[in-house]
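J.: Below are the structure tokens for one structure; questions will follow.
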Amino acid sequence: MAKKLNVLVLGGGGREHALCYGIAKSAKLAKLYVAPGNGGTDNVAQSVILDVKNHLEIFEFVEANDIDFVVIGPEDPLVDGLATSLRAAEILCFGPNGDAAQIEGSKGFMKDLCREFNIPTAKYERFKDATNAKLFAAEMDLPIVVKADGLSAGKGVIIAQTIVEADAAIDDIFGGMFGEAGAEVVIEDFMTGEEVSFFALVNGTNVMPMIGAQDHKAVGEGDTGLNTGGMGAYTPAPILDEAMTKRVMDEIIHPTAQAMVKRGIPFEGVLFAGLMITDDGPKLIEYNARFGDPEIQAIMVKLQSDMLELLLATAENRLDELDIKWSNDNVMNVVLAAKGYPLNYDKGTKINNLDAAAAPDNITIFHAGTKNIDGQIVANGGRVLNIVARANSVTEAAKQAYNAIEAIDWADGFCRKDIGHRAIARESTKN
């Protein structure tokens with residue numbers, strides 16, 4: 001039997017708990033570490049404290065603990081070039097090199113790539129000063145989309161309904177609302193249609209589609225209010241049927257993988273495409289260079305294949321060997337967030353009854369912004385818990401997820417009550 005692997009997952013959010021959950025089930029695994037982890041990852045991995053910005057510290061831990069494979073969860077260390085450093089040190093890892101991670105790290109980079117290689121996306125321009133940005137905005141049809149160029153945790157996108165709002169968004173971004181991410185602004189047409197997430201494993205031009213999901217970015221019911229990192233998601237996404245998935249692969253994913261190779265910066269890892277399904281077909285909103293959060297929590301529960309093997313096959317360029325298997329379940333993830341999120345919220349509030357809430361065998365709870373302090377789970381972030389339910393319909397999965405949330409004792413949390421509303425409406429129309 002092949003040697004079992006010691007694996008290190010970097011990150012401490014809901015995405016990393018879900019990755020650890022999947023990896024921990026693999027027969028290929030010897031020992032699993034997570035840095036820093038959260039209040040829930042202790043159930044599946046050993047938590048360690050490492051500074052992801054200190055590449056030497058990562059190398060030393062890898063050597064001292066005989067780590068065979070490093071999985072980089074969040075975008076920041078990817079854009080910072082951690083995967084580049086690991087590969088230079090001949091350490092096997094999952095995630096794109098820093099130059100390739102610019103596909104997420106710079107919206108302008110991504111849009112320029114689309115323009116050069118005819119990948120369908122919204123009309124746009126990019127600016128380094130407010131004056132020219134405002135002149136361009138004034139010539140566009142409203143509403144328009146104003147984006148900070150760099151990483152901003154899913155919050156650097158403003159949909160401006162009026163030119164006054166557009167000018168204010170431009171001033172806010174250049175004024176430092178999103179820090180260094182706002183050194184440049186991208187302004188683009190507002191696309192109408194249905195938004196959906198799609199994931200594909202990629203190594204150079206070797207590409208394996210995974211699955212689609214739909215998330216809800218706005219904080220309020222009816223997709224209203226401020227943008228967040230995501231308030232919930234479900235998979236599969238009904239709008240991504242076989243024909244639409246083929247168009248996404250043919251018109252967006254494959255051309256992107258080929259474009260990156262032609263640019264001399266091949267992509268290795270997962271391409272997460274945020275798409276708008278318009279009347280003209282799929283168009284790219286943006287790319288992320290890592291798994292989506294909250295989508296991956298639902299996807300991981302639906303996945304039947306060995307997640308560690310999928311990640312390894314990507315890193316070792318064996319994607320043509322893969323045959324990814326999925327359950328027939330519909331899976332929903334409802335995010336429980338701290339009251340006040342995405343603005344100001346309290347940390348340290350106590351959360352109880354999680355074991356009771358997770359007791360049904362179709363319920364899985366992934367932690368995000370939590371800490372375990374002497375056995376007591378407390379909130380330690382904005383998005384705090386992910387309540388994932390699987391069932392034979394989206395309607396039933398939603399019912400089960402919200403029933404589990406009712407069992408959780410946390411007065412300082414809230415959730416959207418309408419996660420999955422598009423798919424639920426489709427199911428009610430069919431019935």
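Residue numbers start at 1 in each chain; chains themselves are named A, B, ... in the order of the structure tokens; ligands are numbered from 1 in the order shown.
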Identify, on the basis of only C-alpha atoms, every residue whose closest approach to A:Arg290 does not exceed 7 Å; exclude the query and any residue fewer than 4 positions from it along the same chain; express the result as a PDB file with C-alpha atoms, in the first residue's frame.
T.:
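Saved result, selection-v3.pdb, follows:
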```
ATOM      1  CA  GLY A  73      -7.190  27.720   1.712  1.00  0.00           C
ATOM      2  CA  PRO A  74      -7.521  31.541   1.641  1.00  0.00           C
ATOM      3  CA  GLU A  75      -6.715  34.011  -1.116  1.00  0.00           C
ATOM      4  CA  VAL A 270      -9.181  25.512  -8.358  1.00  0.00           C
ATOM      5  CA  LEU A 271     -10.701  28.142 -10.622  1.00  0.00           C
ATOM      6  CA  PHE A 272     -13.835  29.525  -9.005  1.00  0.00           C
TER       7      PHE A 272
END
```
J.: Write out as a PyMOL selection string which residues come within 9 Å of A:Leu275 when counting only C-alpha atoms, dropping same-chain ones fewer than 3 positions away.
T.: chain A and resi 121+194-198+248+282-287
J.: Tell me which protein, DNA and RNA residues are within 12 Å of A:Arg115, counting only C-alpha atoms, leaving out same-chain ones fewer than 4 positions away, and put them as a PyMOL selection string.
T.: chain A and resi 108-111+119-125+255-256+259+284
J.: I need the residues from that last selection saved to file as a compact mmCIF listing (two decimals), in the first residue's frame (with C-alpha atoms), if you can.
T.:
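And here is the file that came out, again_27.txt:
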```
# COMPACT_ATOMS: atom_id res chain seq x y z
CA GLY A 108 -8.10 44.65 -13.66
CA PHE A 109 -5.74 41.76 -14.47
CA MET A 110 -8.72 39.42 -14.83
CA LYS A 111 -10.67 41.84 -17.03
CA ILE A 119 -13.72 35.58 -22.75
CA PRO A 120 -17.28 36.92 -22.30
CA THR A 121 -17.56 39.50 -19.51
CA ALA A 122 -19.01 42.97 -18.89
CA LYS A 123 -17.65 46.04 -20.70
CA TYR A 124 -15.18 47.79 -18.38
CA GLU A 125 -12.28 50.18 -17.91
CA PRO A 255 -10.15 29.58 -22.71
CA THR A 256 -9.01 30.97 -19.35
CA ALA A 259 -4.87 32.06 -21.78
CA LEU A 284 -17.72 36.03 -16.24
```
J.: Identify, on the basis of only C-alpha atoms, every residue whose closest approach to A:Gly193 does not exceed 7 Å; exclude the query and any residue fewer than 4 positions from it along the same chain; express the result as number ranges by chain.
T.: A: 276-278
J.: Using only C-alpha atoms, find the one residue out of A:Val301, A:Met260, A:Asn227, A:Asp80 that sits nearest to A:Pro342.
T.: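 So, comparing all the options, the nearest one is A:Asn227.
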J.: Could you state the separation of atom CA of A:Ala407 and atom CA of A:Leu354 in Å, given to one decimal place?
T.: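 Pair atom CA of A:Ala407 / atom CA of A:Leu354 returns 7.7 Å.
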J.: Considering only C-alpha atoms, give me a table of residues in stretch 364-399 of chain A that are at most 10 Å from stretch 410-413 of chain A, with the closest atom pair and distance in Å for each, as a Markdown table.
T.:
```
| residue | atom | partner | partner_atom | distance |
| --- | --- | --- | --- | --- |
| A:Val378 | CA | A:Trp410 | CA | 9.5 |
| A:Ala379 | CA | A:Asp412 | CA | 8.9 |
| A:Gly382 | CA | A:Gly413 | CA | 9.5 |
| A:Arg383 | CA | A:Gly413 | CA | 9.3 |
| A:Val384 | CA | A:Gly413 | CA | 8.4 |
| A:Leu385 | CA | A:Gly413 | CA | 9.4 |
```
J.: May I ask which of the residues A:Val394, A:Val70, A:Ala35, A:Ala30 is the closest one to A:Ala425, counting only C-alpha atoms?
T.: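 Result for the nearest residue to A:Ala425: A:Val394.
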J.: For A:Ala100, which residue among A:Val62, A:Ala401, A:Ala213, A:Ile265 is the nearest when counting only C-alpha atoms?
T.: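 That would be A:Ile265, the residue with the smallest distance to A:Ala100.
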J.: Which neighbours of A:Asp66 fall inside 10 Å, counting only C-alpha atoms, when residues of the same chain fewer than 2 positions from it are skipped, and could you give them as a ChimeraX atom specification?
T.: /A:5-7,31,60-64,68-69
J.: Residues at most 9 Å from stretch 217-222 of chain A, counting only C-alpha atoms, excluding those fewer than 4 positions away in the same chain, as a list in words?
T.: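 Counting only C-alpha atoms, the residues come to Gly154, Leu226, Asn227, Thr228, Gly229, Gly230, Met231, Gly232, Tyr341, Pro342, Cys415, Arg416, Lys417, Asp418, Ile419 and His421 of chain A.
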J.: What is the distance between atom CA of A:Leu56 and atom CA of A:Val9, in Å to one decimal?
T.: 16.3 Å
J.: Expressed in Å to a single decimal, how great is the separation between atom CA of A:Ala337 and atom CA of A:Ala368?
T.: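 If I compute the distance from atom CA of A:Ala337 to atom CA of A:Ala368, I get 9.6 Å.
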J.: What parts of stretch 258-340 of chain A does DSSP call helix (DSSP H, G or I)? I'd like the answer as a list of chain:residue names.
T.: A:Gln258, A:Ala259, A:Met260, A:Val261, A:Lys262, A:Glu295, A:Ile296, A:Gln297, A:Ala298, A:Ile299, A:Met300, A:Val301, A:Lys302, A:Met307, A:Leu308, A:Glu309, A:Leu310, A:Leu311, A:Leu312, A:Ala313, A:Thr314, A:Ala315, A:Leu319, A:Asp320, A:Glu321
J.: For N, CA and C atoms, I'd like the residues from the last selection saved as a CSV table (one decimal), in the first residue's frame.
T.:
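Once written, result.csv looks like this:
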```
chain,number,residue,atom,x,y,z
A,258,GLN,N,-6.2,28.1,-21.0
A,258,GLN,CA,-5.3,28.3,-22.1
A,258,GLN,C,-4.6,29.7,-22.1
A,259,ALA,N,-5.4,30.7,-21.8
A,259,ALA,CA,-4.9,32.1,-21.8
A,259,ALA,C,-3.8,32.2,-20.8
A,260,MET,N,-3.9,31.6,-19.6
A,260,MET,CA,-2.9,31.7,-18.6
A,260,MET,C,-1.6,31.0,-19.0
A,261,VAL,N,-1.7,29.9,-19.7
A,261,VAL,CA,-0.6,29.2,-20.2
A,261,VAL,C,0.1,30.1,-21.3
A,262,LYS,N,-0.7,30.7,-22.1
A,262,LYS,CA,-0.1,31.6,-23.2
A,262,LYS,C,0.6,32.8,-22.5
A,295,GLU,N,-19.8,28.3,-0.5
A,295,GLU,CA,-20.2,27.2,-1.5
A,295,GLU,C,-19.5,25.8,-1.1
A,296,ILE,N,-18.2,25.9,-0.7
A,296,ILE,CA,-17.5,24.6,-0.6
A,296,ILE,C,-18.1,23.8,0.6
A,297,GLN,N,-18.7,24.4,1.6
A,297,GLN,CA,-19.3,23.6,2.6
A,297,GLN,C,-20.4,22.7,2.1
A,298,ALA,N,-21.2,23.3,1.2
A,298,ALA,CA,-22.3,22.5,0.6
A,298,ALA,C,-21.7,21.4,-0.4
A,299,ILE,N,-20.8,21.9,-1.2
A,299,ILE,CA,-20.1,21.0,-2.1
A,299,ILE,C,-19.5,19.8,-1.5
A,300,MET,N,-18.8,20.0,-0.3
A,300,MET,CA,-18.1,19.0,0.3
A,300,MET,C,-19.0,17.9,0.9
A,301,VAL,N,-20.2,18.3,1.3
A,301,VAL,CA,-21.2,17.3,1.8
A,301,VAL,C,-21.8,16.5,0.6
A,302,LYS,N,-21.9,17.1,-0.6
A,302,LYS,CA,-22.4,16.4,-1.7
A,302,LYS,C,-21.4,15.5,-2.4
A,307,MET,N,-11.6,13.6,-1.4
A,307,MET,CA,-11.2,15.0,-1.6
A,307,MET,C,-9.7,15.1,-1.6
A,308,LEU,N,-9.0,14.4,-0.8
A,308,LEU,CA,-7.5,14.5,-0.8
A,308,LEU,C,-7.0,14.0,-2.1
A,309,GLU,N,-7.5,13.0,-2.7
A,309,GLU,CA,-7.1,12.5,-4.0
A,309,GLU,C,-7.3,13.5,-5.1
A,310,LEU,N,-8.5,14.2,-5.0
A,310,LEU,CA,-8.7,15.3,-6.0
A,310,LEU,C,-7.7,16.4,-5.9
A,311,LEU,N,-7.4,16.8,-4.7
A,311,LEU,CA,-6.4,17.9,-4.5
A,311,LEU,C,-5.0,17.4,-5.0
A,312,LEU,N,-4.6,16.2,-4.6
A,312,LEU,CA,-3.3,15.6,-5.0
A,312,LEU,C,-3.2,15.5,-6.6
A,313,ALA,N,-4.3,15.0,-7.2
A,313,ALA,CA,-4.3,14.8,-8.6
A,313,ALA,C,-4.1,16.1,-9.4
A,314,THR,N,-4.7,17.2,-8.8
A,314,THR,CA,-4.5,18.5,-9.4
A,314,THR,C,-3.0,18.9,-9.2
A,315,ALA,N,-2.5,18.8,-8.0
A,315,ALA,CA,-1.1,19.2,-7.8
A,315,ALA,C,-0.1,18.4,-8.6
A,319,LEU,N,-5.1,15.1,-13.5
A,319,LEU,CA,-6.5,15.4,-13.6
A,319,LEU,C,-7.3,14.5,-14.6
A,320,ASP,N,-6.5,14.0,-15.6
A,320,ASP,CA,-7.2,13.2,-16.6
A,320,ASP,C,-7.5,11.8,-16.0
A,321,GLU,N,-7.0,11.5,-14.8
A,321,GLU,CA,-7.3,10.2,-14.2
A,321,GLU,C,-8.6,10.3,-13.4
```
J.: Taking 3 positions as the minimum chain separation for residues in the same chain, which residues sit within 10 Å of A:Met140 when counting only C-alpha atoms? Answer as a PyMOL selection string.
T.: chain A and resi 124+135-137+143-144+163+187-190
J.: Which parts of stretch 198-358 of chain A does DSSP call strand (DSSP E) when run on the backbone here, written out as a ChimeraX atom specification?
T.: /A:198-203,206-215,218-220,224-227,232-235,268-278,281-288,330-338,350-351
J.: Using only C-alpha atoms, pick whichever of A:Ser85, A:Ser152, A:Ser305, A:Ser26 has the shortest atom-to-atom distance to A:Asn54.
T.: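 Looking at the shortest contact to A:Asn54, the residue is A:Ser85.
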J.: Looking at only C-alpha atoms, which of A:Gly11, A:Pro266, A:Gly274, A:Gly281 is the one that sits closest to A:Gly98?
T.: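 Between A:Gly11, A:Pro266, A:Gly274, A:Gly281, the residue approaching A:Gly98 most closely is A:Pro266.
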J.: Would you mind telling me which residue in A:Gly176, A:Met191, A:Asp306, A:Ser106 lies nearest to A:Leu29 when using only C-alpha atoms?
T.: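 Counting only C-alpha atoms, the residue closest to A:Leu29 is A:Asp306.
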